[in-house]
$ cat query.txt   # compact mmCIF, C-alpha atoms (C1' of nucleotides)
# COMPACT_ATOMS: atom_id res chain seq x y z
CA MET A 1 104.28 -17.62 27.42
CA GLY A 2 106.00 -15.33 24.97
CA HIS A 3 107.95 -12.32 26.17
CA SER A 4 109.33 -10.58 23.11
CA GLN A 5 108.41 -7.03 22.22
CA GLU A 6 106.73 -8.33 19.10
CA ASP A 7 104.58 -10.63 21.20
CA LYS A 8 103.65 -7.68 23.37
CA ARG A 9 102.51 -5.64 20.38
CA GLY A 10 100.43 -8.59 19.22
CA ASN A 11 98.93 -9.05 22.67
CA HIS A 12 98.14 -5.36 22.94
CA GLU A 13 96.38 -5.38 19.60
CA ARG A 14 94.48 -8.54 20.49
CA ILE A 15 93.28 -7.08 23.80
CA VAL A 16 92.05 -3.93 22.02
CA SER A 17 90.30 -5.97 19.36
CA ILE A 18 88.56 -8.20 21.89
CA ALA A 19 87.60 -5.17 23.96
CA ALA A 20 86.14 -3.43 20.91
CA ARG A 21 83.86 -6.42 20.41
CA GLN A 22 82.96 -6.99 24.07
CA PHE A 23 82.20 -3.31 24.77
CA ARG A 24 79.74 -3.31 21.86
CA GLU A 25 78.20 -6.60 22.95
CA ARG A 26 78.03 -6.09 26.72
CA GLY A 27 78.24 -2.34 27.11
CA ILE A 28 81.22 -0.30 28.26
CA ASP A 29 80.59 -1.13 31.92
CA GLY A 30 79.48 -4.69 31.19
CA ALA A 31 82.84 -6.03 30.03
CA SER A 32 85.45 -6.80 32.68
CA ILE A 33 89.23 -6.67 32.42
CA ALA A 34 89.57 -10.22 33.75
CA ASP A 35 87.23 -11.53 31.05
CA LEU A 36 88.99 -9.62 28.30
CA MET A 37 92.42 -10.83 29.37
CA LYS A 38 91.18 -14.38 29.75
CA GLU A 39 89.83 -14.35 26.20
CA ALA A 40 93.18 -12.96 25.04
CA GLY A 41 94.89 -15.93 26.74
CA LEU A 42 96.49 -13.74 29.41
CA THR A 43 96.01 -13.13 33.13
CA HIS A 44 94.34 -10.02 34.42
CA GLY A 45 97.40 -8.79 36.30
CA GLY A 46 99.28 -8.05 33.09
CA PHE A 47 96.65 -5.60 31.89
CA TYR A 48 98.23 -2.52 33.47
CA LYS A 49 101.51 -2.98 31.64
CA HIS A 50 99.48 -2.40 28.45
CA PHE A 51 97.16 0.37 29.61
CA ALA A 52 97.45 3.03 32.30
CA SER A 53 93.81 2.54 33.21
CA ARG A 54 90.58 0.94 32.09
CA ASP A 55 89.50 4.24 30.56
CA GLU A 56 92.55 4.22 28.33
CA LEU A 57 91.46 0.85 26.94
CA VAL A 58 87.93 2.13 26.38
CA LEU A 59 89.30 4.94 24.23
CA GLU A 60 91.60 2.67 22.22
CA ALA A 61 88.87 0.09 21.74
CA MET A 62 86.37 2.70 20.58
CA GLN A 63 88.90 4.04 18.10
CA HIS A 64 89.55 0.51 16.92
CA ALA A 65 85.83 -0.06 16.39
CA PHE A 66 85.49 3.20 14.47
CA ASP A 67 88.49 2.38 12.29
CA SER A 68 87.24 -1.09 11.44
CA SER A 69 83.84 0.32 10.50
CA ALA A 70 85.56 2.74 8.16
CA ARG A 71 87.66 -0.09 6.73
CA GLN A 72 84.60 -2.30 6.19
CA GLN A 73 82.88 0.51 4.34
CA GLY A 74 86.06 1.46 2.50
CA SER A 75 86.32 -2.07 1.12
CA GLY A 76 82.75 -1.64 -0.08
CA ALA A 77 80.11 -4.15 -1.00
CA PRO A 78 80.97 -7.63 -2.29
CA THR A 79 81.15 -6.25 -5.81
CA GLY A 80 83.65 -3.63 -4.69
CA LYS A 81 81.59 -0.47 -4.90
CA LEU A 82 79.79 0.95 -1.89
CA THR A 83 76.56 2.78 -2.54
CA PHE A 84 74.13 4.49 -0.19
CA ALA A 85 71.66 1.68 -0.89
CA SER A 86 74.11 -1.13 -0.18
CA LEU A 87 75.23 0.56 3.05
CA VAL A 88 71.66 1.03 4.28
CA GLU A 89 70.71 -2.53 3.39
CA ALA A 90 73.68 -4.00 5.22
CA TYR A 91 73.21 -1.65 8.18
CA LEU A 92 69.55 -2.47 8.62
CA SER A 93 69.93 -6.21 8.02
CA PRO A 94 69.10 -8.89 10.60
CA ARG A 95 72.73 -9.95 10.30
CA HIS A 96 73.95 -6.58 11.59
CA ARG A 97 71.22 -6.52 14.25
CA ASP A 98 72.32 -9.92 15.55
CA ASP A 99 76.05 -9.16 15.62
CA PRO A 100 76.62 -5.95 17.55
CA GLY A 101 80.17 -6.99 18.42
CA THR A 102 81.45 -6.35 14.90
CA GLY A 103 78.85 -3.73 13.99
CA CYS A 104 78.36 0.01 14.18
CA ALA A 105 79.81 1.40 17.41
CA VAL A 106 77.88 4.66 17.07
CA ALA A 107 74.64 2.74 17.49
CA ALA A 108 75.91 0.14 19.97
CA LEU A 109 77.51 2.62 22.38
CA ALA A 110 75.25 5.69 22.13
CA SER A 111 73.66 5.40 25.56
CA ASP A 112 76.88 4.23 27.23
CA VAL A 113 78.71 7.24 25.82
CA GLY A 114 76.00 9.56 27.11
CA ARG A 115 77.11 8.54 30.61
CA ALA A 116 80.85 8.39 29.87
CA GLY A 117 83.74 10.75 30.50
CA ARG A 118 85.08 13.67 28.51
CA ASP A 119 87.58 11.86 26.29
CA VAL A 120 85.20 9.07 25.31
CA ARG A 121 82.45 11.52 24.41
CA SER A 122 84.86 13.63 22.41
CA ALA A 123 86.10 10.66 20.36
CA TYR A 124 82.53 9.51 19.80
CA THR A 125 81.48 12.96 18.64
CA GLY A 126 84.21 12.89 15.99
CA GLN A 127 82.84 9.63 14.64
CA VAL A 128 79.30 11.03 14.52
CA ARG A 129 80.59 13.93 12.41
CA ARG A 130 82.43 11.57 10.08
CA SER A 131 79.33 9.39 9.76
CA ILE A 132 77.16 12.34 8.79
CA ASP A 133 79.71 13.44 6.20
CA ALA A 134 80.03 9.93 4.81
CA LEU A 135 76.26 9.56 4.49
CA ARG A 136 75.99 12.90 2.74
CA HIS A 137 78.73 12.02 0.32
CA LEU A 138 77.33 8.55 -0.40
CA SER A 139 73.84 9.84 -1.01
CA GLY A 140 75.26 12.25 -3.58
CA ALA A 141 73.96 15.25 -1.64
CA ASP A 142 77.25 17.13 -1.38
CA ASP A 143 75.74 20.02 -3.31
CA ASP A 144 72.14 19.81 -2.08
CA PRO A 145 71.66 22.56 0.54
CA ASP A 146 69.24 20.26 2.40
CA GLY A 147 71.65 17.34 2.11
CA ARG A 148 73.26 17.98 5.47
CA ARG A 149 69.96 17.85 7.29
CA ALA A 150 68.87 14.75 5.37
CA SER A 151 72.10 13.00 6.36
CA VAL A 152 71.62 13.83 10.03
CA VAL A 153 68.11 12.42 9.84
CA ALA A 154 69.40 9.33 8.04
CA LEU A 155 71.91 8.67 10.84
CA CYS A 156 69.14 9.06 13.45
CA VAL A 157 66.91 6.63 11.58
CA MET A 158 69.70 4.08 11.16
CA ALA A 159 70.97 4.17 14.73
CA GLY A 160 67.45 4.41 16.18
CA ALA A 161 66.10 1.53 14.12
CA LEU A 162 69.07 -0.69 14.96
CA GLY A 163 68.73 0.04 18.68
CA LEU A 164 64.99 -0.64 18.73
CA ALA A 165 65.32 -3.76 16.56
CA ARG A 166 67.87 -5.15 19.02
CA ALA A 167 65.80 -4.35 22.09
CA VAL A 168 62.48 -5.69 20.88
CA ASP A 169 61.60 -9.26 21.84
CA ASP A 170 59.58 -10.18 18.76
CA ASP A 171 61.25 -11.02 15.50
CA ALA A 172 58.32 -9.85 13.36
CA LEU A 173 58.25 -6.41 14.99
CA SER A 174 62.04 -6.24 14.92
CA ARG A 175 62.11 -6.92 11.18
CA GLU A 176 59.30 -4.46 10.62
CA VAL A 177 61.39 -1.76 12.29
CA LEU A 178 64.41 -2.58 10.11
CA GLU A 179 62.37 -2.78 6.92
CA SER A 180 60.34 0.37 7.59
CA ALA A 181 63.53 2.32 8.17
CA SER A 182 65.16 0.77 5.12
CA GLN A 183 62.20 1.51 2.85
CA PHE A 184 62.08 5.08 4.10
CA LEU A 185 65.79 5.65 3.44
CA LEU A 186 65.72 3.97 0.03
CA GLY A 187 62.59 5.78 -1.08
CA GLN A 188 60.21 2.83 -1.01
CA SER A 189 62.06 1.35 -3.97
CA ASP A 190 63.36 -1.96 -2.63
CA GLU A 191 60.09 -3.83 -2.17
CA ASP A 192 60.73 -7.37 -0.91
CA GLU A 193 64.24 -8.11 -2.07
CA ASN A 194 65.17 -9.90 1.12
CA GLU A 195 62.16 -12.16 1.40
CA ASP A 196 62.98 -15.84 1.69
CA ALA A 197 60.13 -16.80 -0.61
CA PRO A 198 58.97 -14.62 -3.48
CA ARG A 199 55.24 -14.01 -3.27
CA ALA A 200 52.69 -15.64 -5.54
CA MET B 201 61.15 5.00 61.41
CA GLY B 202 57.58 4.16 60.50
CA HIS B 203 56.37 0.59 60.41
CA SER B 204 52.73 0.69 59.38
CA GLN B 205 51.48 -1.06 56.27
CA GLU B 206 50.62 2.32 54.81
CA ASP B 207 54.19 3.46 55.33
CA LYS B 208 55.36 0.33 53.59
CA ARG B 209 53.19 0.99 50.55
CA GLY B 210 54.55 4.52 50.42
CA ASN B 211 58.12 3.30 50.73
CA HIS B 212 57.58 0.71 48.02
CA GLU B 213 56.20 3.30 45.67
CA ARG B 214 59.04 5.69 46.45
CA ILE B 215 61.69 3.04 45.79
CA VAL B 216 60.09 2.22 42.43
CA SER B 217 59.86 5.88 41.49
CA ILE B 218 63.48 6.57 42.40
CA ALA B 219 64.58 3.43 40.55
CA ALA B 220 62.65 4.48 37.44
CA ARG B 221 64.62 7.69 37.41
CA GLN B 222 68.02 6.22 38.28
CA PHE B 223 67.78 3.39 35.75
CA ARG B 224 67.13 5.94 33.01
CA GLU B 225 69.94 8.20 34.22
CA ARG B 226 72.62 5.61 35.02
CA GLY B 227 71.53 2.58 33.04
CA ILE B 228 69.92 -0.58 34.35
CA ASP B 229 73.23 -1.96 35.60
CA GLY B 230 74.54 1.43 36.68
CA ALA B 231 72.11 1.98 39.57
CA SER B 232 72.78 0.10 42.81
CA ILE B 233 70.29 -1.09 45.40
CA ALA B 234 72.21 0.60 48.21
CA ASP B 235 72.07 3.95 46.41
CA LEU B 236 68.37 3.61 45.65
CA MET B 237 67.50 2.72 49.24
CA LYS B 238 69.69 5.50 50.58
CA GLU B 239 67.89 8.06 48.42
CA ALA B 240 64.59 6.61 49.64
CA GLY B 241 65.78 7.19 53.23
CA LEU B 242 66.05 3.46 53.98
CA THR B 243 68.86 0.96 54.48
CA HIS B 244 69.78 -1.53 51.79
CA GLY B 245 68.93 -4.57 53.89
CA GLY B 246 65.21 -3.82 53.78
CA PHE B 247 65.10 -4.00 50.00
CA TYR B 248 64.30 -7.71 49.82
CA LYS B 249 61.15 -7.35 51.90
CA HIS B 250 59.84 -5.21 49.03
CA PHE B 251 61.16 -7.16 46.04
CA ALA B 252 62.07 -10.79 45.54
CA SER B 253 65.08 -9.77 43.47
CA ARG B 254 66.72 -6.87 41.71
CA ASP B 255 65.16 -8.01 38.42
CA GLU B 256 61.70 -7.66 39.95
CA LEU B 257 62.46 -4.01 40.73
CA VAL B 258 63.74 -3.44 37.20
CA LEU B 259 60.41 -4.65 35.80
CA GLU B 260 58.32 -2.55 38.20
CA ALA B 261 60.46 0.52 37.60
CA MET B 262 60.24 0.16 33.83
CA GLN B 263 56.48 -0.18 34.04
CA HIS B 264 56.39 2.90 36.27
CA ALA B 265 58.42 4.87 33.72
CA PHE B 266 56.14 3.75 30.89
CA ASP B 267 53.03 4.66 32.88
CA SER B 268 54.30 8.10 33.77
CA SER B 269 55.20 8.77 30.12
CA ALA B 270 51.65 7.84 29.15
CA ARG B 271 50.28 10.06 31.92
CA GLN B 272 52.42 13.02 30.85
CA GLN B 273 51.19 12.65 27.29
CA GLY B 274 47.62 12.03 28.43
CA SER B 275 47.62 15.31 30.31
CA GLY B 276 48.74 16.91 27.09
CA ALA B 277 50.51 20.15 26.37
CA PRO B 278 50.21 23.16 28.68
CA THR B 279 47.08 24.25 26.82
CA GLY B 280 45.51 20.87 27.43
CA LYS B 281 45.55 19.36 23.95
CA LEU B 282 48.34 17.10 22.78
CA THR B 283 49.19 17.22 19.11
CA PHE B 284 51.79 15.38 17.06
CA ALA B 285 53.68 18.65 16.72
CA SER B 286 53.68 19.46 20.43
CA LEU B 287 54.80 15.92 21.28
CA VAL B 288 57.67 16.02 18.79
CA GLU B 289 58.78 19.47 19.94
CA ALA B 290 58.82 18.44 23.60
CA TYR B 291 60.48 15.12 22.80
CA LEU B 292 63.27 16.66 20.75
CA SER B 293 63.84 19.63 23.10
CA PRO B 294 67.12 20.30 24.93
CA ARG B 295 65.08 20.04 28.13
CA HIS B 296 64.17 16.41 27.41
CA ARG B 297 67.72 15.67 26.24
CA ASP B 298 69.14 17.00 29.52
CA ASP B 299 66.71 15.17 31.79
CA PRO B 300 66.71 11.48 30.90
CA GLY B 301 65.57 10.56 34.41
CA THR B 302 62.03 11.78 33.82
CA GLY B 303 62.03 11.27 30.06
CA CYS B 304 61.23 8.60 27.52
CA ALA B 305 62.28 5.17 28.79
CA VAL B 306 62.10 3.64 25.30
CA ALA B 307 64.99 5.85 24.23
CA ALA B 308 66.90 5.83 27.52
CA LEU B 309 66.87 2.05 27.99
CA ALA B 310 67.04 0.71 24.42
CA SER B 311 70.58 -0.60 24.54
CA ASP B 312 70.27 -1.83 28.14
CA VAL B 313 67.15 -3.77 27.20
CA GLY B 314 68.95 -5.34 24.24
CA ARG B 315 71.18 -7.06 26.83
CA ALA B 316 68.45 -7.75 29.40
CA GLY B 317 66.40 -10.82 30.30
CA ARG B 318 63.17 -12.18 28.87
CA ASP B 319 60.66 -10.35 31.08
CA VAL B 320 62.29 -6.95 30.70
CA ARG B 321 62.46 -7.29 26.92
CA SER B 322 58.87 -8.40 26.75
CA ALA B 323 57.61 -5.42 28.77
CA TYR B 324 59.71 -3.07 26.68
CA THR B 325 58.35 -4.53 23.46
CA GLY B 326 54.81 -3.79 24.63
CA GLN B 327 55.71 -0.16 25.16
CA VAL B 328 57.28 0.06 21.68
CA ARG B 329 54.01 -1.21 20.20
CA ARG B 330 51.98 1.30 22.21
CA SER B 331 54.33 4.10 21.16
CA ILE B 332 53.95 3.25 17.48
CA ASP B 333 50.16 3.16 17.84
CA ALA B 334 50.11 6.46 19.73
CA LEU B 335 52.25 8.18 17.09
CA ARG B 336 50.04 6.88 14.31
CA HIS B 337 46.91 8.08 16.06
CA LEU B 338 48.39 11.49 16.89
CA SER B 339 49.60 12.07 13.37
CA GLY B 340 46.07 11.40 12.12
CA ALA B 341 47.28 8.49 10.01
CA ASP B 342 44.88 5.86 11.36
CA ASP B 343 43.43 5.42 7.89
CA ASP B 344 46.53 6.03 5.79
CA PRO B 345 47.82 2.62 4.62
CA ASP B 346 51.38 3.97 4.87
CA GLY B 347 50.71 5.47 8.29
CA ARG B 348 51.98 2.47 10.17
CA ARG B 349 55.32 2.55 8.43
CA ALA B 350 55.60 6.31 8.87
CA SER B 351 54.97 5.92 12.59
CA VAL B 352 57.66 3.27 12.94
CA VAL B 353 60.09 5.58 11.16
CA ALA B 354 59.03 8.47 13.38
CA LEU B 355 59.79 6.44 16.51
CA CYS B 356 63.21 5.50 15.11
CA VAL B 357 64.00 9.13 14.32
CA MET B 358 62.86 10.33 17.76
CA ALA B 359 64.69 7.68 19.80
CA GLY B 360 67.75 7.80 17.55
CA ALA B 361 68.02 11.59 17.63
CA LEU B 362 67.59 11.72 21.40
CA GLY B 363 70.25 9.07 21.92
CA LEU B 364 72.75 10.77 19.61
CA ALA B 365 72.01 14.24 21.01
CA ARG B 366 72.74 12.91 24.51
CA ALA B 367 75.97 11.18 23.52
CA VAL B 368 77.51 13.98 21.53
CA ASP B 369 79.91 16.31 23.33
CA ASP B 370 79.18 19.50 21.40
CA ASP B 371 76.08 21.52 22.06
CA ALA B 372 75.87 22.90 18.53
CA LEU B 373 75.96 19.46 16.94
CA SER B 374 73.60 18.12 19.59
CA ARG B 375 71.04 20.84 18.83
CA GLU B 376 71.50 20.31 15.11
CA VAL B 377 70.58 16.65 15.57
CA LEU B 378 67.45 17.55 17.55
CA GLU B 379 66.42 20.28 15.13
CA SER B 380 67.07 18.27 11.99
CA ALA B 381 64.92 15.44 13.34
CA SER B 382 62.25 17.87 14.46
CA GLN B 383 62.11 19.67 11.13
CA PHE B 384 61.91 16.37 9.31
CA LEU B 385 59.03 15.12 11.45
CA LEU B 386 57.14 18.41 11.30
CA GLY B 387 57.58 18.80 7.58
CA GLN B 388 60.06 21.68 7.65
CA SER B 389 57.29 23.94 8.96
CA ASP B 390 58.63 25.10 12.33
CA GLU B 391 61.55 27.29 11.18
CA ASP B 392 63.26 28.87 14.18
CA GLU B 393 60.56 28.96 16.82
CA ASN B 394 62.93 28.08 19.62
CA GLU B 395 65.66 30.59 18.89
CA ASP B 396 66.59 32.76 21.81
CA ALA B 397 66.88 35.86 19.63
CA PRO B 398 64.68 36.48 16.61
CA ARG B 399 66.80 37.27 13.59
CA ALA B 400 67.11 40.68 11.97
C1' DA C 401 119.94 -6.37 32.93
C1' DT C 402 115.67 -5.58 31.22
C1' DT C 403 110.93 -6.57 30.66
C1' DA C 404 106.50 -9.14 29.55
C1' DT C 405 103.66 -11.85 32.04
C1' DC C 406 101.95 -14.26 36.22
C1' DT C 407 100.57 -14.90 41.15
C1' DA C 408 98.56 -12.98 45.00
C1' DT C 409 96.10 -9.61 47.18
C1' DA C 410 94.27 -5.00 48.77
C1' DG C 411 90.32 -2.25 48.76
C1' DA C 412 85.95 -1.04 46.91
C1' DT C 413 81.52 -2.38 45.24
C1' DC C 414 77.26 -5.15 44.76
C1' DT C 415 73.46 -8.63 45.46
C1' DA C 416 71.44 -11.26 48.82
C1' DT C 417 70.53 -13.26 53.48
C1' DA C 418 70.24 -13.95 58.65
C1' DG C 419 69.08 -12.29 62.85
C1' DA C 420 68.08 -8.13 65.86
C1' DT C 421 65.15 -4.16 66.85
C1' DA C 422 61.16 -1.49 67.35
C1' DA C 423 57.07 -0.34 65.75
C1' DT C 424 51.99 -1.83 64.50
C1' DG C 425 47.56 -3.96 65.16
C1' DC C 426 44.77 -7.75 66.89
C1' DA D 427 52.19 -11.77 67.81
C1' DT D 428 53.22 -9.89 63.68
C1' DT D 429 55.98 -7.26 60.63
C1' DA D 430 58.68 -3.27 58.55
C1' DT D 431 63.09 -1.84 58.94
C1' DC D 432 67.96 -2.03 60.50
C1' DT D 433 72.60 -4.04 61.49
C1' DA D 434 75.97 -7.08 60.13
C1' DT D 435 77.93 -10.02 57.02
C1' DA D 436 78.67 -13.72 53.42
C1' DG D 437 80.12 -14.42 48.88
C1' DA D 438 80.97 -12.74 44.37
C1' DT D 439 82.80 -9.30 41.42
C1' DC D 440 85.96 -5.61 39.75
C1' DT D 441 89.88 -2.24 39.30
C1' DA D 442 94.41 -1.65 40.50
C1' DT D 443 99.01 -2.71 42.54
C1' DA D 444 103.21 -5.20 44.43
C1' DG D 445 106.40 -8.53 43.96
C1' DA D 446 107.84 -13.04 41.73
C1' DT D 447 108.97 -15.58 37.52
C1' DA D 448 110.81 -16.52 33.16
C1' DA D 449 111.70 -15.06 28.98
C1' DT D 450 114.33 -11.55 25.73
C1' DG D 451 118.15 -8.99 23.95
C1' DC D 452 122.31 -6.37 24.75
$ encode --input "query.txt" --output "structure tokens"
Amino acid sequence: MGHSQEDKRGNHERIVSIAARQFRERGIDGASIADLMKEAGLTHGGFYKHFASRDELVLEAMQHAFDSSARQQGSGAPTGKLTFASLVEAYLSPRHRDDPGTGCAVAALASDVGRAGRDVRSAYTGQVRRSIDALRHLSGADDDPDGRRASVVALCVMAGALGLARAVDDDALSREVLESASQFLLGQSDEDENEDAPRA
Amino acid sequence: MGHSQEDKRGNHERIVSIAARQFRERGIDGASIADLMKEAGLTHGGFYKHFASRDELVLEAMQHAFDSSARQQGSGAPTGKLTFASLVEAYLSPRHRDDPGTGCAVAALASDVGRAGRDVRSAYTGQVRRSIDALRHLSGADDDPDGRRASVVALCVMAGALGLARAVDDDALSREVLESASQFLLGQSDEDENEDAPRA
DNA sequence: ATTATCTATAGATCTATAGATAATGC
DNA sequence: ATTATCTATAGATCTATAGATAATGC
């Protein structure tokens, strides 16, 4: 058991990081402090020396999730450059669908935030604004007068498709949702790039 | 305190109806049996003579919510005929946004269902299929080969926009989300029908 | 001496069950 | 006699706090 101030900073960061994942996976109310602390290798009693309340952790964890989304996108695609197409493809991939813990917090927490308190909703709203702006910029519609509206619609499609694909209990339907949304956003131009077996 | 079998049927139905509303408002885990029974005018102990388990209620309540959505749409718009446009306008209205308890359960429960058990996910999946079919039929795209995909996208836009509009803590942005989605789905043809004051 | 963490526990829920009570319905 | 509901409670969480323990850091 370490006790230095440096250890404390590390522990604090680890708790926030674990919370950011568990809130996305289990819902804001579904993750418990005891579980979080256990996974961080600590006991639940120590929690309140790191955070004044559970709500304070929720805010920090949400911010952490938003920041790491921005960082992921900042680092771009494997090749180094992030395009609208590469973002949409990654966002609407089965990989993202199956890993909500490290994925988009806007989609994962939408309905939880709708029932949450003032501060949480305010922080979430900021991220929605940033997401709309990022989509508009990426799609090269900064000058298009209809670009703003198209970006709002794109965010709705992306978050809606991800939510439905995660809820649905049939892999074929779930993939159809992801692919329909993807084809719509990419202008029907990506055909069957992700098929396991090329046809004919 | 009534004890007849007819009373029991009435109580059962009332519990399910209240649950259908509370699950949509508070989330599947957010509503408690004691609260439900209290609102039904009963004590919590009697719950298990109506349902074998909480999960059984969740299933019945979800089915009830799906049925009442279908009934609302079956009865159509005020004039009696339901069109794609009237459905979209009602769905993406501030009224629907502000009343999740009587609204679309597909949108309200998506993220809860993603974390739920087999039976709940299976029932939800059925309703997603029916919703896609209904949208395709209403939009008159039964014969259009791309109609299926368009209907899937429409459902994503509707559920996604509703979820984001409910989460966001700024009425202007929330309305922009609803209106952008609505204008997209209605082909930019509805201008400012819902404005409080006509311009100029 | 200070402080980061741990142990123990209070107080509030929540699901579920057992047994009592008071109606129904043969 | 049967049964729909109520009272009471067991057992499992969960948030939050108080006080003990064992390090750090002057």
$ residues_around --input "query.txt" --residues "DT447 in chain D" --least-positions-apart "5" --cutoff "12 Å" --atoms "only C-alpha atoms (C1' of nucleotides)" --output "VMD selection string"
(chain A and resid 1 3) or (chain C and resid 403 to 407)
$ closest_residue --input "query.txt" --among "D:DT443, D:DT450, D:DA436, D:DA427" --to "chain A" --atoms "only C-alpha atoms (C1' of nucleotides)"
D:DT450
$ atom_distance --input "query.txt" --atom1 "CA of Gly246 in chain B" --atom2 "CA of Gln205 in chain B"
14.2 Å
$ interface_residues --input "query.txt" --of "chain B" --to "chain C" --cutoff "10 Å" --atoms "all atoms listed in the file" --output "list in words"
Met201, Gly202, His203, Ser204, Gln205, Ser232, Ile233, Ala234, Gly245, Phe247, Tyr248, Ala252, Ser253 and Arg254 of chain B
$ residues_around --input "query.txt" --residues "Val352 in chain B" --least-positions-apart "4" --cutoff "9 Å" --atoms "only C-alpha atoms (C1' of nucleotides)" --output "list in words"
Ala161, Glu176, Val177, Ser180 and Ala181 of chain A; Ser331, Ile332, Asp333, Leu335, Arg336, Gly347, Arg348, Cys356 and Val357 of chain B
$ closest_residue --input "query.txt" --among "B:Asp299, B:Asp235, B:Val320, B:Ala290" --to "Ala261 in chain B" --atoms "all atoms listed in the file"
B:Val320
$ atom_distance --input "query.txt" --atom1 "CA of Ser139 in chain A" --atom2 "CA of Ala85 in chain A"
8.4 Å
$ closest_atom_pairs --input "query.txt" --of "chain B" --to "chain A" --cutoff "8 Å" --atoms "only C-alpha atoms" --output "Markdown table"
| residue | atom | partner | partner_atom | distance |
| --- | --- | --- | --- | --- |
| B:Arg226 | CA | A:Arg115 | CA | 6.9 |
| B:Ala308 | CA | A:Ser111 | CA | 7.1 |
| B:Leu309 | CA | A:Ser111 | CA | 8.0 |
| B:Ala310 | CA | A:Ala167 | CA | 5.7 |
| B:Ser311 | CA | A:Gly163 | CA | 6.2 |
| B:Asp312 | CA | A:Ala167 | CA | 7.9 |
| B:Val313 | CA | A:Ala167 | CA | 5.3 |
| B:Gly314 | CA | A:Ala167 | CA | 3.9 |
| B:Arg315 | CA | A:Arg26 | CA | 6.9 |
| B:Arg318 | CA | A:Asp169 | CA | 7.8 |
| B:Arg321 | CA | A:Asp169 | CA | 5.5 |
| B:Ser322 | CA | A:Asp169 | CA | 5.7 |
| B:Tyr324 | CA | A:Val168 | CA | 6.9 |
| B:Thr325 | CA | A:Val168 | CA | 5.0 |
| B:Val328 | CA | A:Val168 | CA | 7.8 |
| B:Arg349 | CA | A:Ser180 | CA | 5.5 |
| B:Ala350 | CA | A:Ser180 | CA | 7.7 |
| B:Val352 | CA | A:Val177 | CA | 6.3 |
| B:Val353 | CA | A:Ala181 | CA | 5.6 |
| B:Leu355 | CA | A:Gly160 | CA | 7.9 |
| B:Cys356 | CA | A:Gly160 | CA | 4.5 |
| B:Val357 | CA | A:Val157 | CA | 4.7 |
| B:Met358 | CA | A:Gly160 | CA | 7.7 |
| B:Ala359 | CA | A:Gly160 | CA | 5.6 |
| B:Gly360 | CA | A:Gly160 | CA | 3.7 |
| B:Ala361 | CA | A:Cys156 | CA | 5.0 |
| B:Gly363 | CA | A:Ala110 | CA | 6.0 |
| B:Leu364 | CA | A:Ala110 | CA | 6.2 |
| B:Arg366 | CA | A:Gly114 | CA | 5.3 |
| B:Ala367 | CA | A:Gly114 | CA | 3.9 |
| B:Val368 | CA | A:Thr125 | CA | 5.0 |
| B:Asp369 | CA | A:Arg121 | CA | 5.5 |
| B:Asp370 | CA | A:Thr125 | CA | 7.5 |
| B:Val377 | CA | A:Val152 | CA | 6.3 |
| B:Ser380 | CA | A:Arg149 | CA | 5.5 |
| B:Ala381 | CA | A:Val153 | CA | 5.6 |
| B:Phe384 | CA | A:Val153 | CA | 7.4 |
$ atom_distance --input "query.txt" --atom1 "CA of Leu57 in chain A" --atom2 "CA of Gln73 in chain A"
24.2 Å
$ closest_residue --input "query.txt" --among "A:Tyr91, A:Ala172, A:Val58, A:Phe84" --to "Ala141 in chain A" --atoms "only C-alpha atoms"
A:Phe84
